[in-house]
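Have a look at the structure below before the remarks.
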Amino acid sequence: MGVDIGDLLQRSTIEVSDLSLDIVAIDAFNTLYQFLSIIRQRDGTPLKDSQGNVTSHLSGILYRMTNIVEAGVKPVFVFDGKPPEWKSSTIQKRTETRENAKVKWADAKEKGLAEEAYKYAQASSKVDATIVEDSKKLLTAMGIPFVDAPSEGEAQAAYMVKKGDADKIASQDYDSLLFGSPLVVRNLTVSGKRKLPKKNIYLDVKPEIINLKESLDELGISHSQLIDIALCVGTDYNEGLEGVGPKTALKLIREHETIEKVLKAKDLEIPNLEDIKEFFKSPDVTDDYSLKWNKPDSEAVISFLCGKHDFSEDRVTKALERLEASSGSGQSTLDKWF
DNA sequence: CATCAACA
DNA sequence: TGTTGATGG
């Protein structure tokens, strides 16, 4: 998923508290997928309510958002709209991989291969319409705004950062940088202590920030050339050149300056190349949004999570108290929050 | 991912 | 106070 150019970029580790008072545009699809694949029981089954509805994403939103809001972050979720047509083969491929994983999950479970089963269970995760709808409902009740992008969420989020309506984008993908976001935070929604499998070692996964301009300066390339590098490696919209990884791509673009010249020299083609480049540079975005953070509607959260999805009222109430305390009501963050 | 209780 | 393993829904 996304583009594999991370090794080329300048990344620096930060603390969540370094994002205090920042408006962070969260790549909703990316984050929800992360929650769905990670928040699972040991056998790989996601959290579910008594009716069988998946609730892993709701757990993730409630607790993780409470924690980052408590650290002073003002999150806004940005949801995907209609993907561009050149994404259809990638989408189809993902569907196939997912269906495949479901079969392998069942197979591994039957054979008692726990580790394999877990891996394929994770790969079976899907952010479907219900997941999106439930997430929006919970966010609204928690007082956290969201934006519906006309096209790709990361493109909309990048636009919001460039416009000054948000400070940074949170996503595990690097696509936001191709869409021109000056700052991208990774590991914001997956940070914490992670146990290394089979070993007695705990790894501290901390958020890291990528500065687009610094990365470009360090590499000595333009933004357009970074897009060209990504196109060589492969994006959600094209396959990439055979045997070309980030390092080779950088070399090729340094040598030939543009992807057009690379392709000419190698007598290769990338379908829809001009359209895709244009899309990265000026994607379809909207100004039709308003960012307003409200105090949580505790009753709504409780009736939705506890009444409808079997969450423990004790736990939800505790999270709500923390959320309410940090989102205003006498705290020092009051005027910044509203 | 998170919380929680049990323990050193 | 911090680590650990089980559980959450």
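Ordering of the structure tokens sets the chain letters (A, B, ...), residue numbers begin anew at 1 in every chain, and ligands are numbered from 1 in the order given.
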All residues 12 Å or closer to region 112-122 of chain A, only C-alpha atoms (C1' of nucleotides), same chain fewer than 2 positions away omitted, as a PyMOL selection string:
chain A and resi 33-46+56+97-110+124-126+197-198
Near chain B, 9 Å: chain C residue rows, closest pairs, only C-alpha atoms (C1' of nucleotides), as CSV:
residue,atom,partner,partner_atom,distance
C:DT3,C1',B:DA8,C1',8.5
C:DT4,C1',B:DC7,C1',8.5
C:DT7,C1',B:DC4,C1',8.4
C:DG8,C1',B:DT3,C1',7.8
What residues in chain A have any atom no more than 12 Å from chain B when counting only C-alpha atoms (C1' of nucleotides), and can you write them as a count of residues only?
40
One decimal place gives the CA of Val76 (chain A)-CA of Gly52 (chain A) separation as 28.7 Å
Enumerate, as a list in words, the complete set of residues in region 89-297 of chain A that a backbone-based DSSP assignment places in strand (DSSP E or B).
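Assigned to strand (DSSP E or B), within region 89-297 of chain A: Phe146, Val147, Asp148, Lys168, Ile169, Ala170, Leu183, Val184, Val185, Arg186, Gly192, Lys193, Arg194, Lys195, Tyr202, Leu203, Asp204, Val205, Glu208, Ile209, Ile210, Asn211, Thr235 and Asn238 of chain A.
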Put those residues in a file: N, CA and C atoms, as a tab-separated table (two decimals), in the first residue's frame.
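So result31.tsv came out as:
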chain	number	residue	atom	x	y	z
A	146	PHE	N	-14.48	15.72	11.05
A	146	PHE	CA	-13.96	14.97	9.91
A	146	PHE	C	-14.30	15.68	8.62
A	147	VAL	N	-13.53	15.37	7.59
A	147	VAL	CA	-13.71	15.98	6.27
A	147	VAL	C	-13.90	14.87	5.25
A	148	ASP	N	-14.85	15.03	4.35
A	148	ASP	CA	-15.01	14.09	3.24
A	148	ASP	C	-14.29	14.62	2.02
A	168	LYS	N	-0.09	19.34	10.06
A	168	LYS	CA	0.61	18.13	9.61
A	168	LYS	C	-0.38	17.07	9.19
A	169	ILE	N	0.12	16.09	8.43
A	169	ILE	CA	-0.69	14.93	8.10
A	169	ILE	C	-0.16	13.73	8.88
A	170	ALA	N	-1.06	12.94	9.44
A	170	ALA	CA	-0.65	11.68	10.06
A	170	ALA	C	-1.04	10.53	9.15
A	183	LEU	N	4.75	18.55	5.81
A	183	LEU	CA	5.10	17.77	6.99
A	183	LEU	C	4.18	16.55	7.13
A	184	VAL	N	4.80	15.41	7.36
A	184	VAL	CA	4.03	14.19	7.56
A	184	VAL	C	4.52	13.48	8.83
A	185	VAL	N	3.57	13.06	9.67
A	185	VAL	CA	3.91	12.31	10.88
A	185	VAL	C	3.57	10.85	10.68
A	186	ARG	N	4.52	9.98	10.95
A	186	ARG	CA	4.24	8.54	10.92
A	186	ARG	C	4.20	8.02	12.36
A	192	GLY	N	3.93	3.34	20.67
A	192	GLY	CA	3.83	2.71	21.98
A	192	GLY	C	4.81	1.56	22.08
A	193	LYS	N	4.65	0.75	23.06
A	193	LYS	CA	5.55	-0.38	23.23
A	193	LYS	C	5.08	-1.53	22.36
A	194	ARG	N	6.01	-2.07	21.62
A	194	ARG	CA	5.72	-3.22	20.78
A	194	ARG	C	6.63	-4.37	21.15
A	195	LYS	N	6.03	-5.52	21.40
A	195	LYS	CA	6.86	-6.67	21.73
A	195	LYS	C	7.34	-7.34	20.45
A	202	TYR	N	11.46	-5.44	23.95
A	202	TYR	CA	10.42	-4.46	23.66
A	202	TYR	C	11.01	-3.31	22.85
A	203	LEU	N	10.33	-2.99	21.76
A	203	LEU	CA	10.80	-1.90	20.94
A	203	LEU	C	9.90	-0.70	21.16
A	204	ASP	N	10.51	0.45	21.36
A	204	ASP	CA	9.73	1.65	21.56
A	204	ASP	C	9.47	2.31	20.21
A	205	VAL	N	8.24	2.20	19.75
A	205	VAL	CA	7.87	2.80	18.46
A	205	VAL	C	7.41	4.23	18.71
A	208	GLU	N	7.46	9.69	14.11
A	208	GLU	CA	8.56	10.35	13.40
A	208	GLU	C	7.98	11.34	12.41
A	209	ILE	N	8.74	12.42	12.20
A	209	ILE	CA	8.25	13.46	11.32
A	209	ILE	C	9.14	13.55	10.08
A	210	ILE	N	8.49	13.75	8.96
A	210	ILE	CA	9.23	13.90	7.70
A	210	ILE	C	8.96	15.29	7.15
A	211	ASN	N	10.05	16.01	6.91
A	211	ASN	CA	9.97	17.35	6.36
A	211	ASN	C	10.25	17.28	4.86
A	235	THR	N	3.38	3.24	-7.69
A	235	THR	CA	2.45	3.93	-6.78
A	235	THR	C	1.12	3.18	-6.79
A	238	ASN	N	0.22	3.11	-10.61
A	238	ASN	CA	1.01	2.46	-11.67
A	238	ASN	C	1.91	1.38	-11.09
In Å to one decimal, how far is CA of Asp4 (chain A) from CA of Asp18 (chain A)?
26.2 Å
All residues 7 Å or closer to Gly72 (chain A), only C-alpha atoms (C1' of nucleotides), same chain fewer than 4 positions away omitted, as JSON, numbers by chain:
{"A": [17, 20, 21, 68]}
Now that the selection is made, can you save its residues with C-alpha atoms as a PDB file, in the first residue's frame?
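Contents of out37.pdb, as written:
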ATOM      1  CA  SER A  17       3.698  15.925  23.118  1.00  0.00           C
ATOM      2  CA  SER A  20       0.775  19.871  21.261  1.00  0.00           C
ATOM      3  CA  LEU A  21      -1.598  22.497  19.831  1.00  0.00           C
ATOM      4  CA  ILE A  68      -3.497  12.148  21.618  1.00  0.00           C
TER       5      ILE A  68
END
Among listed residues A:Leu19, A:Val54, A:Ala230, A:Ala129, nearest chain C (using only C-alpha atoms (C1' of nucleotides)):
A:Val54
Quick one: residues within 10 Å of Glu257 (chain A), only C-alpha atoms (C1' of nucleotides), excluding same-chain residues fewer than 2 positions away - as an mmCIF file with all heavy atoms, in the first residue's frame?
data_model
loop_
_atom_site.group_PDB
_atom_site.id
_atom_site.type_symbol
_atom_site.label_atom_id
_atom_site.label_comp_id
_atom_site.auth_asym_id
_atom_site.auth_seq_id
_atom_site.Cartn_x
_atom_site.Cartn_y
_atom_site.Cartn_z
ATOM 1 N N ILE A 221 16.885 17.229 -5.235
ATOM 2 C CA ILE A 221 15.908 17.052 -6.316
ATOM 3 C C ILE A 221 14.702 17.964 -6.071
ATOM 4 O O ILE A 221 14.541 18.516 -4.981
ATOM 5 C CB ILE A 221 15.415 15.583 -6.408
ATOM 6 C CG1 ILE A 221 14.786 15.154 -5.078
ATOM 7 C CG2 ILE A 221 16.558 14.660 -6.800
ATOM 8 C CD1 ILE A 221 14.086 13.817 -5.142
ATOM 9 N N SER A 222 13.874 18.103 -7.114
ATOM 10 C CA SER A 222 12.661 18.906 -6.980
ATOM 11 C C SER A 222 11.496 18.003 -6.549
ATOM 12 O O SER A 222 11.616 16.772 -6.572
ATOM 13 C CB SER A 222 12.322 19.547 -8.324
ATOM 14 O OG SER A 222 11.971 18.537 -9.252
ATOM 15 N N SER A 224 8.789 17.641 -8.171
ATOM 16 C CA SER A 224 8.378 16.914 -9.375
ATOM 17 C C SER A 224 9.238 15.661 -9.582
ATOM 18 O O SER A 224 8.739 14.611 -9.995
ATOM 19 C CB SER A 224 8.498 17.843 -10.583
ATOM 20 O OG SER A 224 7.984 17.210 -11.722
ATOM 21 N N GLN A 225 10.512 15.791 -9.256
ATOM 22 C CA GLN A 225 11.402 14.628 -9.408
ATOM 23 C C GLN A 225 11.131 13.542 -8.363
ATOM 24 O O GLN A 225 11.328 12.360 -8.627
ATOM 25 C CB GLN A 225 12.863 15.080 -9.337
ATOM 26 C CG GLN A 225 13.319 15.807 -10.604
ATOM 27 C CD GLN A 225 14.744 16.298 -10.506
ATOM 28 O OE1 GLN A 225 15.118 16.959 -9.537
ATOM 29 N NE2 GLN A 225 15.552 16.002 -11.510
ATOM 30 N N ASP A 228 8.475 11.639 -9.778
ATOM 31 C CA ASP A 228 9.034 10.772 -10.826
ATOM 32 C C ASP A 228 9.692 9.527 -10.227
ATOM 33 O O ASP A 228 9.562 8.424 -10.765
ATOM 34 C CB ASP A 228 10.059 11.559 -11.660
ATOM 35 C CG ASP A 228 9.370 12.532 -12.613
ATOM 36 O OD1 ASP A 228 8.119 12.551 -12.638
ATOM 37 O OD2 ASP A 228 10.071 13.268 -13.327
ATOM 38 N N LEU A 250 16.224 6.764 -7.701
ATOM 39 C CA LEU A 250 16.901 8.039 -7.436
ATOM 40 C C LEU A 250 18.065 8.240 -8.420
ATOM 41 O O LEU A 250 18.239 9.323 -8.986
ATOM 42 C CB LEU A 250 17.421 8.064 -5.990
ATOM 43 C CG LEU A 250 18.252 9.278 -5.574
ATOM 44 C CD1 LEU A 250 17.441 10.567 -5.662
ATOM 45 C CD2 LEU A 250 18.805 9.102 -4.154
ATOM 46 N N LYS A 251 18.806 7.182 -8.621
ATOM 47 C CA LYS A 251 19.939 7.243 -9.550
ATOM 48 C C LYS A 251 19.478 7.575 -10.967
ATOM 49 O O LYS A 251 20.063 8.426 -11.649
ATOM 50 C CB LYS A 251 20.670 5.878 -9.530
ATOM 51 C CG LYS A 251 22.167 5.976 -9.784
ATOM 52 C CD LYS A 251 22.834 4.615 -9.661
ATOM 53 C CE LYS A 251 23.393 4.165 -11.001
ATOM 54 N NZ LYS A 251 23.789 2.747 -11.017
ATOM 55 N N LEU A 252 18.419 6.896 -11.374
ATOM 56 C CA LEU A 252 17.880 7.105 -12.728
ATOM 57 C C LEU A 252 17.413 8.541 -12.937
ATOM 58 O O LEU A 252 17.682 9.156 -13.965
ATOM 59 C CB LEU A 252 16.715 6.144 -12.997
ATOM 60 C CG LEU A 252 17.085 4.676 -13.242
ATOM 61 C CD1 LEU A 252 15.822 3.810 -13.269
ATOM 62 C CD2 LEU A 252 17.854 4.539 -14.551
ATOM 63 N N ILE A 253 16.711 9.070 -11.930
ATOM 64 C CA ILE A 253 16.165 10.433 -12.067
ATOM 65 C C ILE A 253 17.291 11.474 -11.994
ATOM 66 O O ILE A 253 17.269 12.480 -12.690
ATOM 67 C CB ILE A 253 15.078 10.695 -11.010
ATOM 68 C CG1 ILE A 253 13.839 9.824 -11.277
ATOM 69 C CG2 ILE A 253 14.689 12.174 -10.971
ATOM 70 C CD1 ILE A 253 13.178 10.051 -12.627
ATOM 71 N N ARG A 254 18.300 11.197 -11.172
ATOM 72 C CA ARG A 254 19.449 12.113 -11.129
ATOM 73 C C ARG A 254 20.166 12.145 -12.478
ATOM 74 O O ARG A 254 20.608 13.184 -12.941
ATOM 75 C CB ARG A 254 20.430 11.680 -10.033
ATOM 76 C CG ARG A 254 20.051 12.234 -8.673
ATOM 77 C CD ARG A 254 21.061 11.818 -7.628
ATOM 78 N NE ARG A 254 20.799 12.456 -6.355
ATOM 79 C CZ ARG A 254 21.200 11.952 -5.192
ATOM 80 N NH1 ARG A 254 21.879 10.826 -5.152
ATOM 81 N NH2 ARG A 254 20.941 12.596 -4.078
ATOM 82 N N GLU A 255 20.238 10.963 -13.072
ATOM 83 C CA GLU A 255 20.949 10.818 -14.335
ATOM 84 C C GLU A 255 20.167 11.426 -15.505
ATOM 85 O O GLU A 255 20.726 12.139 -16.331
ATOM 86 C CB GLU A 255 21.192 9.328 -14.561
ATOM 87 C CG GLU A 255 22.224 8.985 -15.609
ATOM 88 C CD GLU A 255 22.361 7.456 -15.730
ATOM 89 O OE1 GLU A 255 22.351 6.765 -14.678
ATOM 90 O OE2 GLU A 255 22.453 6.976 -16.870
ATOM 91 N N ILE A 259 11.239 11.444 -15.564
ATOM 92 C CA ILE A 259 10.832 10.065 -15.849
ATOM 93 C C ILE A 259 10.599 9.859 -17.341
ATOM 94 O O ILE A 259 10.843 8.771 -17.870
ATOM 95 C CB ILE A 259 9.580 9.665 -15.028
ATOM 96 C CG1 ILE A 259 9.323 8.157 -15.183
ATOM 97 C CG2 ILE A 259 8.362 10.475 -15.442
ATOM 98 C CD1 ILE A 259 8.453 7.552 -14.144
ATOM 99 N N GLU A 260 10.172 10.917 -18.006
ATOM 100 C CA GLU A 260 9.951 10.800 -19.454
ATOM 101 C C GLU A 260 11.245 10.385 -20.161
ATOM 102 O O GLU A 260 11.233 9.521 -21.036
ATOM 103 C CB GLU A 260 9.436 12.133 -20.030
ATOM 104 C CG GLU A 260 7.975 12.455 -19.711
ATOM 105 C CD GLU A 260 7.772 13.049 -18.325
ATOM 106 O OE1 GLU A 260 8.777 13.262 -17.604
ATOM 107 O OE2 GLU A 260 6.614 13.301 -17.951
ATOM 108 N N LYS A 261 12.347 11.006 -19.725
ATOM 109 C CA LYS A 261 13.635 10.687 -20.347
ATOM 110 C C LYS A 261 14.122 9.290 -19.950
ATOM 111 O O LYS A 261 14.774 8.610 -20.744
ATOM 112 C CB LYS A 261 14.682 11.745 -19.976
ATOM 113 C CG LYS A 261 14.422 13.076 -20.680
ATOM 114 C CD LYS A 261 15.465 14.117 -20.280
ATOM 115 C CE LYS A 261 15.130 15.471 -20.887
ATOM 116 N NZ LYS A 261 15.882 16.557 -20.227
ATOM 117 N N VAL A 262 13.815 8.893 -18.717
ATOM 118 C CA VAL A 262 14.165 7.541 -18.275
ATOM 119 C C VAL A 262 13.460 6.518 -19.157
ATOM 120 O O VAL A 262 14.070 5.568 -19.664
ATOM 121 C CB VAL A 262 13.774 7.309 -16.794
ATOM 122 C CG1 VAL A 262 13.968 5.845 -16.411
ATOM 123 C CG2 VAL A 262 14.580 8.204 -15.868
#
